[in-house]
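Below is one structure, written out as structure tokens, with a few remarks after it.
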Amino acid sequence: MNDHMRDDDINHHSTSLKTPLTADAFVKSDEEKIDLIEGHFQGIMETLGLDLEDDSLKGTAHRVAKMYVTETFAGLHPDRKPALNTFDNSYQYSEMLVEKDIVIYSTCEHHFMPIIGRAHIAYMSNDRVIGLSKMNRIVDYYAKRPQVQERLTRQVASALIEALGTNDIAVVISAKHLCVNARGIRDRDSSTVTAEYNGRFKENESLRQEFLRYIEMETDHGDT
């Protein structure tokens with residue numbers, strides 16, 4: 001990178017639906033990756049001048065490495081992709097189905113800082129329906145990797161199109177990026193909204209507006 005190029009000048013747009021991975025990304029086992037990351041992170045801590053003999057810090061490198069592999073970036077491995085089983089639409093439901101306020105915890109791939117937000121999904125069934133929890137699981141799977149929000153939105157939509165066999169899919173994500181909120185400009189209140197409309201949602205303005213009204217609708221979350 002040009003030494004004179006400021007961080008804010010970097011083009012942060014992602015042009016591919018696929019997360020950029022090397023050809024040998026899954027050759028190493030989880031245990032091997034944890035061992036390697038632990039050593040690398042320990043080096044970072046030592047470079048920062050931290051005393052790794054301190055009781056509070058001595059296990060940090062291992063904890064971070066394990067968290068990266070088994071939690072934060074667990075969605076990188078294709079074996080962890082949830083099975084999106086669908087069912088016959090035996091009750092002939094033909095209206096829009098919306099799953100809203102799906103909580104997202106992801107990681108910005110530019111600064112490895114958290115992305116926190118919510119996803120809203122809608123689809124129009126033809127002859128197949130999907131379990132509600134499956135939509136939450138597919139969002140969680142793609143969120144658990146270094147991400148840009150645009151790609152995450154498209155990946156969720158693409159997975160549901162494939163599973164349901166219909167293009168009538170809409171996905172909207174609203175999220176806060178801590179790389180903006182907690183560093184750099186430190187704009188605590190800004191958030192980012194992305195949308196992916198396909199099929200009838202792309203063609204029909206009134207259908208899109210109906211979906212957006214459902215997102216804004218107050219719903220009972222079962223609080224007591």
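Quick note on naming: the chains in the structure tokens go A, B, ... in the order shown, residues restart at 1 in each chain, and ligands are numbered from 1 in order of appearance.
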
Q: Excluding Ser190 of chain A and any residue of its chain fewer than 6 positions from it, enumerate the residues within 10 Å of it, using only C-alpha atoms, and give them as a PyMOL selection string.
A: chain A and resi 175-178+180-181

Q: Mind listing the strand (DSSP E or B) residues of chain A, per DSSP on the backbone, as a VMD selection string?
A: chain A and resid 86 to 88 96 to 108 114 to 124 128 to 130 146 to 147 169 to 177 192 to 197

Q. Which is closest to Ala74 of chain A among A:Asp140, A:Glu216, A:Glu150, A:Glu162, if we use only C-alpha atoms?
A.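 That would be A:Asp140, the residue with the smallest distance to Ala74 of chain A.
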
Q) Pick the closest to Leu212 of chain A from A:Ser158, A:Tyr141, A:Lys100, A:Met135: which is it, counting only C-alpha atoms? A)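 Distance minimum relative to Leu212 of chain A lands on A:Lys100.
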
Q: Excluding segment 88-99 of chain A and residues on its chain fewer than 6 positions from it, collect all residues at most 6 Å away from it, counting only C-alpha atoms, and give them as number ranges by chain.
A: A: 120-125, 127-129

Mind writing the picked residues with N, CA and C atoms as a PDB file, in the first residue's frame?
```
ATOM      1  N   HIS A 120     -33.414  -8.169   9.057  1.00  0.00           N
ATOM      2  CA  HIS A 120     -34.842  -8.368   8.814  1.00  0.00           C
ATOM      3  C   HIS A 120     -34.980  -9.083   7.471  1.00  0.00           C
ATOM      4  N   ILE A 121     -35.723 -10.177   7.471  1.00  0.00           N
ATOM      5  CA  ILE A 121     -35.837 -11.031   6.289  1.00  0.00           C
ATOM      6  C   ILE A 121     -37.304 -11.215   5.926  1.00  0.00           C
ATOM      7  N   ALA A 122     -37.580 -11.202   4.624  1.00  0.00           N
ATOM      8  CA  ALA A 122     -38.936 -11.513   4.145  1.00  0.00           C
ATOM      9  C   ALA A 122     -38.846 -12.412   2.934  1.00  0.00           C
ATOM     10  N   TYR A 123     -39.823 -13.287   2.782  1.00  0.00           N
ATOM     11  CA  TYR A 123     -39.919 -14.071   1.550  1.00  0.00           C
ATOM     12  C   TYR A 123     -41.378 -14.361   1.241  1.00  0.00           C
ATOM     13  N   MET A 124     -41.616 -14.578  -0.042  1.00  0.00           N
ATOM     14  CA  MET A 124     -42.929 -14.979  -0.528  1.00  0.00           C
ATOM     15  C   MET A 124     -42.821 -16.444  -0.924  1.00  0.00           C
ATOM     16  N   SER A 125     -43.548 -17.294  -0.249  1.00  0.00           N
ATOM     17  CA  SER A 125     -43.438 -18.721  -0.499  1.00  0.00           C
ATOM     18  C   SER A 125     -44.142 -19.110  -1.797  1.00  0.00           C
ATOM     19  N   ASP A 127     -43.935 -23.068  -3.126  1.00  0.00           N
ATOM     20  CA  ASP A 127     -44.377 -24.358  -2.611  1.00  0.00           C
ATOM     21  C   ASP A 127     -43.526 -24.847  -1.450  1.00  0.00           C
ATOM     22  N   ARG A 128     -42.562 -24.013  -0.993  1.00  0.00           N
ATOM     23  CA  ARG A 128     -41.686 -24.411   0.098  1.00  0.00           C
ATOM     24  C   ARG A 128     -41.661 -23.332   1.176  1.00  0.00           C
ATOM     25  N   VAL A 129     -41.533 -23.775   2.431  1.00  0.00           N
ATOM     26  CA  VAL A 129     -41.349 -22.865   3.562  1.00  0.00           C
ATOM     27  C   VAL A 129     -40.152 -23.348   4.368  1.00  0.00           C
TER      28      VAL A 129
END
```

Q: Could you give me the residues within segment 135-209 of chain A that DSSP places in alpha helix (DSSP H), as a VMD selection string?
A: chain A and resid 135 to 143 149 to 164 178 to 181 200 to 203 205 to 209

Keeping only C-alpha atoms, write those residues as a compact mmCIF listing (two decimals), in the first residue's frame.
```txt
# COMPACT_ATOMS: atom_id res chain seq x y z
CA MET A 135 -33.24 -17.83 9.15
CA ASN A 136 -31.63 -16.80 12.43
CA ARG A 137 -29.02 -19.51 12.04
CA ILE A 138 -28.03 -18.53 8.50
CA VAL A 139 -27.63 -14.90 9.55
CA ASP A 140 -25.46 -15.98 12.48
CA TYR A 141 -23.36 -18.26 10.25
CA TYR A 142 -22.45 -15.56 7.75
CA ALA A 143 -22.00 -12.96 10.49
CA GLN A 149 -22.14 -5.36 5.69
CA GLU A 150 -22.92 -5.28 1.97
CA ARG A 151 -21.53 -8.78 1.48
CA LEU A 152 -23.26 -10.13 4.58
CA THR A 153 -26.61 -8.85 3.30
CA ARG A 154 -26.11 -10.48 -0.10
CA GLN A 155 -24.84 -13.77 1.36
CA VAL A 156 -27.93 -14.18 3.55
CA ALA A 157 -30.23 -13.43 0.62
CA SER A 158 -28.37 -15.80 -1.70
CA ALA A 159 -28.51 -18.67 0.82
CA LEU A 160 -32.26 -18.27 1.25
CA ILE A 161 -32.88 -18.05 -2.50
CA GLU A 162 -31.03 -21.35 -2.93
CA ALA A 163 -32.83 -23.05 -0.04
CA LEU A 164 -36.36 -21.90 -0.86
CA LEU A 178 -17.42 0.16 16.12
CA CYS A 179 -14.62 1.04 13.71
CA VAL A 180 -16.68 4.20 13.15
CA ASN A 181 -18.37 4.54 16.55
CA ARG A 200 -41.08 -9.44 -6.63
CA PHE A 201 -39.47 -7.33 -3.89
CA LYS A 202 -37.20 -5.78 -6.51
CA GLU A 203 -39.96 -5.31 -9.06
CA GLU A 205 -42.43 -0.89 -4.93
CA SER A 206 -45.59 -1.43 -2.87
CA LEU A 207 -44.33 -4.85 -1.73
CA ARG A 208 -41.05 -3.31 -0.60
CA GLN A 209 -42.91 -0.63 1.31
```

Q. When distances are computed from only C-alpha atoms, which of A:Ser191, A:Pro146, A:Glu196, A:Lys58 shows the smallest separation from Asp168 of chain A?
A.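 Answer, going by the shortest atom-to-atom distance: A:Glu196.
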
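The space separating atom CA of Thr192 of chain A from atom CA of Ala170 of chain A comes to 16.9 Å.
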
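Comparing the minimum interatomic distances between Asn85 of chain A and each of A:Gly184, A:Gly199, A:Gly165, A:Gly43, counting only C-alpha atoms, we find that A:Gly165 sits nearest.
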
Q) If you measure from atom CA of Val171 of chain A to atom CA of Leu84 of chain A, what distance in Å do you get, rounded to one decimal? A) 16.6 Å

Q: Considering only C-alpha atoms, return as a PyMOL selection string whatever protein or nucleic-acid residues lie within 10 Å of segment 32-42 of chain A, sequence-local ones (same chain, fewer than 4 positions apart) excluded.
A: chain A and resi 26-28+46-48+50+52+57-70

(Q) Between atom CA of Ala23 of chain A and atom CA of Pro78 of chain A, what distance in Å does the model show, to one decimal? (A) 13.2 Å
